[in-house]
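**Q** Would you mind keeping the following structure in view while I ask a few things?
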Amino acid sequence: MSDSRSYRVIIIGGGIIGLTTACTLLKEYTSIDKLQLTIISTTFSPETTGDVSAGYWEPYGVNLNDERMLRWARYTYDIFMQEFFSTKAAQAGVMQMPGHILKSQNDQQISENDDFIVPSFLPLVRHYRVLKDPEIRMFDHLGPVTGFVMSSVVTEVRRYLPQLQRFLECDSRVKFVRKKIHSFSELKGEADIIINCTGLSARELTGDLTIRPARGQVIRIHAPWIKAVYYFETVNEGVGYIVPQSDTVVLGGTFQLDDWNTTPTEQDTRHIRRMCAKILPALEQIQDGVEQAGLRPYRDGGVRLEHERTTDEIDIVHCYGHSGAGVTLSWGCAKDVVEIVKTLLPVYEQHSSDLPEHEQLWRLVL
Amino acid sequence: MIRVAVVGAGVVGLSTALCIKSQHPSLSVTIIANRFLDATTSDGAGGLFRPDQRFIGGVEPSVLKDWCQTSFDHFNNLIFSNIAAEAGVSQVSGYQLFNDSRPDPSYKDIVYNFRYLTKEELTIFPDHYKYGYFCTTFYVETRKYMKYLTKLLNEKQVPFIKKKIHSFEELVENYDIVVNCIGYGAKDVCHDNLIRPIRGQMIRVRAPWIKHFYYTDDNCYMIPNTDTIVLGGTRQLDDENTTVDLNDKDGIWQRCLRLCPSLAQAEILWDWAGLRPNREPIRVETETIKYGNKQLLIVHNYGHGGNGISLSWGTAIDAARRFSSLLNGINNQDKQLTSKL
């Protein structure tokens, strides 16, 4: 028996935040036939910010003392882990793999309780182990380092988003529109709720100047022998990271706040190659690669996830400002967003299902 | 001038030849084998380093530890060198899952990150195993590694001769020392009844989203190599059939698919069957054989079973040490002879 209510929802933003929110919405509103969901975006995969990223789950560039972060990250991690052990893994680009996280140790000895060694997201991950003798010896070529190992998950956005898109397209309640929205008032009267997942573009759209670009450059290479993530943070020379994907490896990284340049630079390429070749010298042999630069949606106060009713009475749920943790927080934020939506657009019939959580969110369309 | 023949060009033969030639650069060393590279037994190996003493019978624990640690250190150095990709060696982590309780594996202090899985971690696997380990070790992609060893041997001008040896007597005319890395061939050539085949079959697939190895007790394993995954396996004692068996293939496929459902999307590349040359103990020792008024000094290094790759370097170093002792013995004899003149 279907619910005769009729709701119209618009999601602005077709990246990882927008599409995970769309799937979550459909899941919670299964019983509402007359749900019209329109996803409006200027870009879809492979042109979103997430497509440039390596998709490595780790709360990176966000304030770890924010309790919401841990909750969102945990939920997202669990979903990806379920997906890895399902038939989705291959097409959706979800891969479990170990990560070696290292930091140069100089005169300031890093204590075992340091936030770097024992990050607050620790209880969420598997196989965590501080690197000690003799294991740490294998990184002697990096100078004195400290670090840990953990198991995490990589979600290759350029594979994942198209799968979410296909799933959403199969639902007759969903419409995709490629269009730029300059102000919320353009959409007045067109929806009961607007969900704002515009990432960095929220700056223009909402006038929120606390959201700023944190530029990241990467190089995608062919190095299939690498089966783990390696991350190395130095004192003065920045960061290098190596993140395998399904059939490429992503080398990074830079974090350049307030830099709007989306063109790769030679200087950054040299830096990335040099840092990564320090970690795994065999990378010196690789000269090829595809460079890209993307702008992480960094926000001073962290993620903005809240309801706003504008002066011209438009209901908006904001969800933007994920910095380098969009993939990491995606499903967790989507859940909270839809909980807020449910307070504004009630669903009375609770649809129960025996399917695992990740299957309820979306399924592979073959 | 001492002439040395290394018989067998599998991973053990190539490694041993390399150790010996590196230690004695001016010595004449020739490799004689019937099969090379892709045609060897080594070619079928998944190449994962986990030499478990459960499958290595009759070797003294301190000797095994030495072989294991020496091999580990050798491969570990390659991983972080700039020729890692060429040599086909890279770190990989993974799981072993089982239902019966058993003592810790002997490699646990050699590999990295070894730990038992928690009950919660065990629930992520389809069949509910009672126990499991996780560790970080490495894989050696045999095809690449053998090409790499061959390249080093070519650089040292070690000649390769293709020939099937039926008896070492064939070599007594032209060689003084034979380094015997003949694997399962020792059954006929050395009349060694201790060596027994353990047949193994595997399927090579492309499934690049899988970055871990998995082993269960139910003859099921998945080992990532550079751009393929090895799915296995079988352990059929005294079975000499080296042709692919379709029932075995189906069994392997079903077991692996159960463990990792996303394998359904994998691209199947090729199948392989071969004989692990199992011996209790692995034979690393010297022997002198007389043929009429001539004699041949032999250094044996064979019988590695399913641990050929894992123990190749450690046993090669051990064999090279014994070789050097033999060489010293010959040189001392010569000195004694000349001093008598």
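Chain labels A, B, ... are given in the sequence in which chains occur in the structure tokens; within each chain residues are numbered consecutively from 1, and ligands are likewise numbered from 1 in the order shown.
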If you count only C-alpha atoms, which residues fall within 9 Å of Leu311 in chain B, apart from same-chain ones fewer than 5 positions away, as JSON, numbers by chain?
**A** {"B": [12, 49, 51, 64, 67, 68, 70, 71, 72, 304, 316]}
**Q** Kindly export the residues of the current selection with C-alpha atoms, as an mmCIF file, in the first residue's frame.
**A**
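Final output, again.cif:
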data_model
loop_
_atom_site.group_PDB
_atom_site.id
_atom_site.type_symbol
_atom_site.label_atom_id
_atom_site.label_comp_id
_atom_site.auth_asym_id
_atom_site.auth_seq_id
_atom_site.Cartn_x
_atom_site.Cartn_y
_atom_site.Cartn_z
ATOM 1 C CA VAL B 12 66.281 -22.735 -6.880
ATOM 2 C CA PHE B 49 56.257 -15.836 1.230
ATOM 3 C CA PRO B 51 57.098 -20.852 4.768
ATOM 4 C CA LEU B 64 64.724 -23.579 8.742
ATOM 5 C CA TRP B 67 66.735 -20.253 5.487
ATOM 6 C CA CYS B 68 63.551 -18.270 6.110
ATOM 7 C CA THR B 70 67.871 -15.089 4.816
ATOM 8 C CA SER B 71 65.256 -15.375 2.100
ATOM 9 C CA PHE B 72 63.014 -12.782 3.733
ATOM 10 C CA HIS B 304 61.430 -27.615 -1.572
ATOM 11 C CA ALA B 316 70.925 -21.099 -2.194
#
**Q** Dump as a PyMOL selection string the residues of chain B that approach chain A to within 7 Å, counting only C-alpha atoms.
**A** chain B and resi 80-85+90-93+112+208-212+225-227+260-262+265
**Q** Restricted to N, CA, C and O atoms, what would the selected residues look like written as a CSV table (one decimal), in the first residue's frame?
**A**
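Contents of the output file part_0.csv:
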chain,number,residue,atom,x,y,z
B,80,PHE,N,62.2,-2.5,-1.6
B,80,PHE,CA,62.5,-1.1,-1.4
B,80,PHE,C,63.7,-0.6,-2.2
B,80,PHE,O,64.2,0.5,-2.0
B,81,SER,N,64.0,-1.4,-3.2
B,81,SER,CA,65.1,-1.0,-4.1
B,81,SER,C,64.4,-0.4,-5.4
B,81,SER,O,63.2,-0.6,-5.5
B,82,ASN,N,65.3,0.2,-6.2
B,82,ASN,CA,64.6,0.7,-7.4
B,82,ASN,C,64.4,-0.3,-8.5
B,82,ASN,O,63.9,0.0,-9.6
B,83,ILE,N,64.7,-1.6,-8.2
B,83,ILE,CA,64.4,-2.6,-9.2
B,83,ILE,C,63.2,-3.5,-8.8
B,83,ILE,O,63.0,-4.6,-9.3
B,84,ALA,N,62.5,-3.1,-7.8
B,84,ALA,CA,61.4,-3.9,-7.3
B,84,ALA,C,60.4,-4.4,-8.4
B,84,ALA,O,60.0,-5.5,-8.4
B,85,ALA,N,60.0,-3.4,-9.2
B,85,ALA,CA,59.1,-3.8,-10.3
B,85,ALA,C,59.7,-4.8,-11.2
B,85,ALA,O,59.0,-5.8,-11.6
B,90,SER,N,56.8,-7.4,-4.3
B,90,SER,CA,56.1,-6.3,-3.6
B,90,SER,C,55.4,-6.7,-2.4
B,90,SER,O,55.1,-7.9,-2.2
B,91,GLN,N,55.2,-5.8,-1.4
B,91,GLN,CA,54.5,-6.1,-0.2
B,91,GLN,C,53.1,-6.5,-0.5
B,91,GLN,O,52.4,-5.9,-1.3
B,92,VAL,N,52.6,-7.4,0.3
B,92,VAL,CA,51.2,-7.7,0.2
B,92,VAL,C,50.7,-8.2,1.6
B,92,VAL,O,51.5,-8.9,2.3
B,93,SER,N,49.5,-7.9,2.0
B,93,SER,CA,49.0,-8.3,3.3
B,93,SER,C,47.8,-9.2,3.0
B,93,SER,O,47.3,-9.2,1.9
B,112,TYR,N,55.8,-9.4,8.8
B,112,TYR,CA,55.4,-8.2,9.6
B,112,TYR,C,54.0,-8.3,10.0
B,112,TYR,O,53.2,-8.9,9.3
B,208,PRO,N,42.0,-6.9,-10.6
B,208,PRO,CA,42.9,-5.9,-10.0
B,208,PRO,C,42.4,-5.2,-8.8
B,208,PRO,O,43.2,-4.5,-8.0
B,209,TRP,N,41.1,-5.3,-8.5
B,209,TRP,CA,40.6,-4.7,-7.3
B,209,TRP,C,40.9,-5.5,-6.0
B,209,TRP,O,40.6,-5.0,-4.9
B,210,ILE,N,41.4,-6.6,-6.2
B,210,ILE,CA,41.8,-7.5,-5.0
B,210,ILE,C,43.3,-7.2,-4.7
B,210,ILE,O,44.1,-7.5,-5.5
B,211,LYS,N,43.5,-6.8,-3.5
B,211,LYS,CA,44.9,-6.4,-3.1
B,211,LYS,C,45.4,-7.2,-2.0
B,211,LYS,O,46.5,-6.9,-1.5
B,212,HIS,N,44.7,-8.2,-1.5
B,212,HIS,CA,45.1,-9.0,-0.4
B,212,HIS,C,45.3,-10.5,-0.8
B,212,HIS,O,44.7,-10.9,-1.8
B,225,ASN,N,49.5,-11.2,-7.7
B,225,ASN,CA,50.8,-10.9,-8.3
B,225,ASN,C,50.7,-9.6,-9.0
B,225,ASN,O,49.8,-8.9,-8.8
B,226,THR,N,51.7,-9.2,-9.8
B,226,THR,CA,51.7,-7.9,-10.3
B,226,THR,C,50.4,-7.5,-11.0
B,226,THR,O,49.8,-6.5,-10.5
B,227,ASP,N,50.0,-8.2,-12.0
B,227,ASP,CA,48.7,-7.8,-12.6
B,227,ASP,C,47.8,-9.0,-12.8
B,227,ASP,O,46.9,-8.9,-13.6
B,260,CYS,N,35.2,-14.9,-2.1
B,260,CYS,CA,35.3,-13.5,-2.6
B,260,CYS,C,34.3,-13.4,-3.8
B,260,CYS,O,34.7,-13.6,-4.9
B,261,PRO,N,33.1,-13.1,-3.5
B,261,PRO,CA,32.0,-13.1,-4.5
B,261,PRO,C,32.3,-12.2,-5.7
B,261,PRO,O,31.9,-12.4,-6.8
B,262,SER,N,33.1,-11.1,-5.5
B,262,SER,CA,33.3,-10.2,-6.6
B,262,SER,C,34.2,-10.9,-7.7
B,262,SER,O,34.3,-10.3,-8.8
B,265,GLN,N,33.4,-11.2,-11.5
B,265,GLN,CA,33.7,-10.3,-12.5
B,265,GLN,C,35.2,-10.5,-13.0
B,265,GLN,O,35.6,-9.7,-13.9
**Q** So which residues touch His128 in chain B within 10 Å, counting only C-alpha atoms, skipping near sequence neighbours fewer than 3 positions away, as a ChimeraX atom specification?
**A** /B:97-99,119,122-125,131
**Q** What are the DSSP alpha helix (DSSP H) residues of range 138-274 of chain B, as a ChimeraX atom specification?
**A** /B:142-155,186-189,246-259
**Q** What's the 9 Å shell around Gly302 in chain A, counting only C-alpha atoms, without same-chain residues fewer than 2 positions away, as a PyMOL selection string?
**A** chain A and resi 62-63+66+211+298-300+304+320-323
**Q** When you look at range 190-202 of chain A with a cut-off of 7 Å (counting only C-alpha atoms), what residues show up, excluding the ones that are within fewer than 2 positions of it in the same chain? I need them as an MDAnalysis selection string.
**A** chainID A and resid 7:13 17:18 187:188 204:206 208 211:213 297 315:321
**Q** Considering only C-alpha atoms, state which residue in the set A:Pro162, A:Gly252, A:Gly143, A:Pro59 is at the smallest distance from Pro119 in chain A.
**A**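 Going through A:Pro162, A:Gly252, A:Gly143, A:Pro59 one by one, the smallest distance to Pro119 in chain A is for A:Pro59.
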**Q** Tell me, as a list in words, which residues lie within 9 Å of Phe213 in chain B, counting only C-alpha atoms; anything in the same chain fewer than 3 positions away does not count.
**A**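 The residues that qualify are Leu48, Val92, Ser93, Gly94, Tyr95, Gln96, Ile210, Tyr221, Met222, Ile223, Pro224 and Ile229 of chain B.
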**Q** How would the residues just picked look written out with N, CA and C atoms as a PDB file, in the first residue's frame?
**A**
ATOM      1  N   LEU B  48      53.927 -16.485  -2.816  1.00  0.00           N
ATOM      2  CA  LEU B  48      53.719 -15.789  -1.552  1.00  0.00           C
ATOM      3  C   LEU B  48      54.680 -16.322  -0.502  1.00  0.00           C
ATOM      4  N   VAL B  92      52.581  -7.416   0.277  1.00  0.00           N
ATOM      5  CA  VAL B  92      51.154  -7.711   0.202  1.00  0.00           C
ATOM      6  C   VAL B  92      50.729  -8.219   1.576  1.00  0.00           C
ATOM      7  N   SER B  93      49.529  -7.864   1.983  1.00  0.00           N
ATOM      8  CA  SER B  93      49.018  -8.322   3.273  1.00  0.00           C
ATOM      9  C   SER B  93      47.841  -9.245   3.026  1.00  0.00           C
ATOM     10  N   GLY B  94      47.478  -9.995   4.051  1.00  0.00           N
ATOM     11  CA  GLY B  94      46.330 -10.864   3.823  1.00  0.00           C
ATOM     12  C   GLY B  94      45.997 -11.757   4.985  1.00  0.00           C
ATOM     13  N   TYR B  95      45.114 -12.670   4.692  1.00  0.00           N
ATOM     14  CA  TYR B  95      44.464 -13.461   5.728  1.00  0.00           C
ATOM     15  C   TYR B  95      44.641 -14.958   5.548  1.00  0.00           C
ATOM     16  N   GLN B  96      44.744 -15.648   6.687  1.00  0.00           N
ATOM     17  CA  GLN B  96      44.628 -17.102   6.682  1.00  0.00           C
ATOM     18  C   GLN B  96      43.492 -17.447   7.613  1.00  0.00           C
ATOM     19  N   ILE B 210      41.430  -6.646  -6.191  1.00  0.00           N
ATOM     20  CA  ILE B 210      41.786  -7.455  -5.027  1.00  0.00           C
ATOM     21  C   ILE B 210      43.252  -7.239  -4.705  1.00  0.00           C
ATOM     22  N   TYR B 221      43.058 -20.690  -2.050  1.00  0.00           N
ATOM     23  CA  TYR B 221      43.894 -19.523  -1.809  1.00  0.00           C
ATOM     24  C   TYR B 221      43.820 -18.556  -2.974  1.00  0.00           C
ATOM     25  N   MET B 222      44.126 -17.307  -2.688  1.00  0.00           N
ATOM     26  CA  MET B 222      44.143 -16.258  -3.708  1.00  0.00           C
ATOM     27  C   MET B 222      45.370 -15.410  -3.436  1.00  0.00           C
ATOM     28  N   ILE B 223      46.256 -15.342  -4.393  1.00  0.00           N
ATOM     29  CA  ILE B 223      47.500 -14.591  -4.189  1.00  0.00           C
ATOM     30  C   ILE B 223      47.649 -13.545  -5.284  1.00  0.00           C
ATOM     31  N   PRO B 224      47.640 -12.269  -4.922  1.00  0.00           N
ATOM     32  CA  PRO B 224      47.866 -11.254  -5.955  1.00  0.00           C
ATOM     33  C   PRO B 224      49.310 -11.275  -6.433  1.00  0.00           C
ATOM     34  N   ILE B 229      45.957 -12.486 -10.481  1.00  0.00           N
ATOM     35  CA  ILE B 229      45.768 -13.133  -9.180  1.00  0.00           C
ATOM     36  C   ILE B 229      45.842 -14.633  -9.414  1.00  0.00           C
TER      37      ILE B 229
END
**Q** Return as a ChimeraX atom specification the full set of residues in range 128-321 of chain A whose backbone-based DSSP assignment is strand (DSSP E).
**A** /A:128-130,145-155,174-178,193-196,211-221,229-233,239-244,249-252,256-257,290-299,304-309,315-320
**Q** Please identify all polymer residues within 7 Å of range 358-360 of chain A, counting only C-alpha atoms, omitting same-chain residues fewer than 2 positions from it, and present them as JSON, numbers by chain.
**A** {"A": [27, 79, 82, 83, 355, 356, 362, 363]}
**Q** Just checking: using only C-alpha atoms, which residue out of B:Asn331, B:Thr234, B:Gln201, B:Asn307 ends up closest to Trp270 in chain B?
**A** B:Gln201
**Q** Would you mind telling me which residue in B:Val158, B:Val178, B:Leu263, B:Ile20 lies nearest to Val4 in chain B when using only C-alpha atoms?
**A**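 For Val4 in chain B, the nearest of the given residues is B:Val178.
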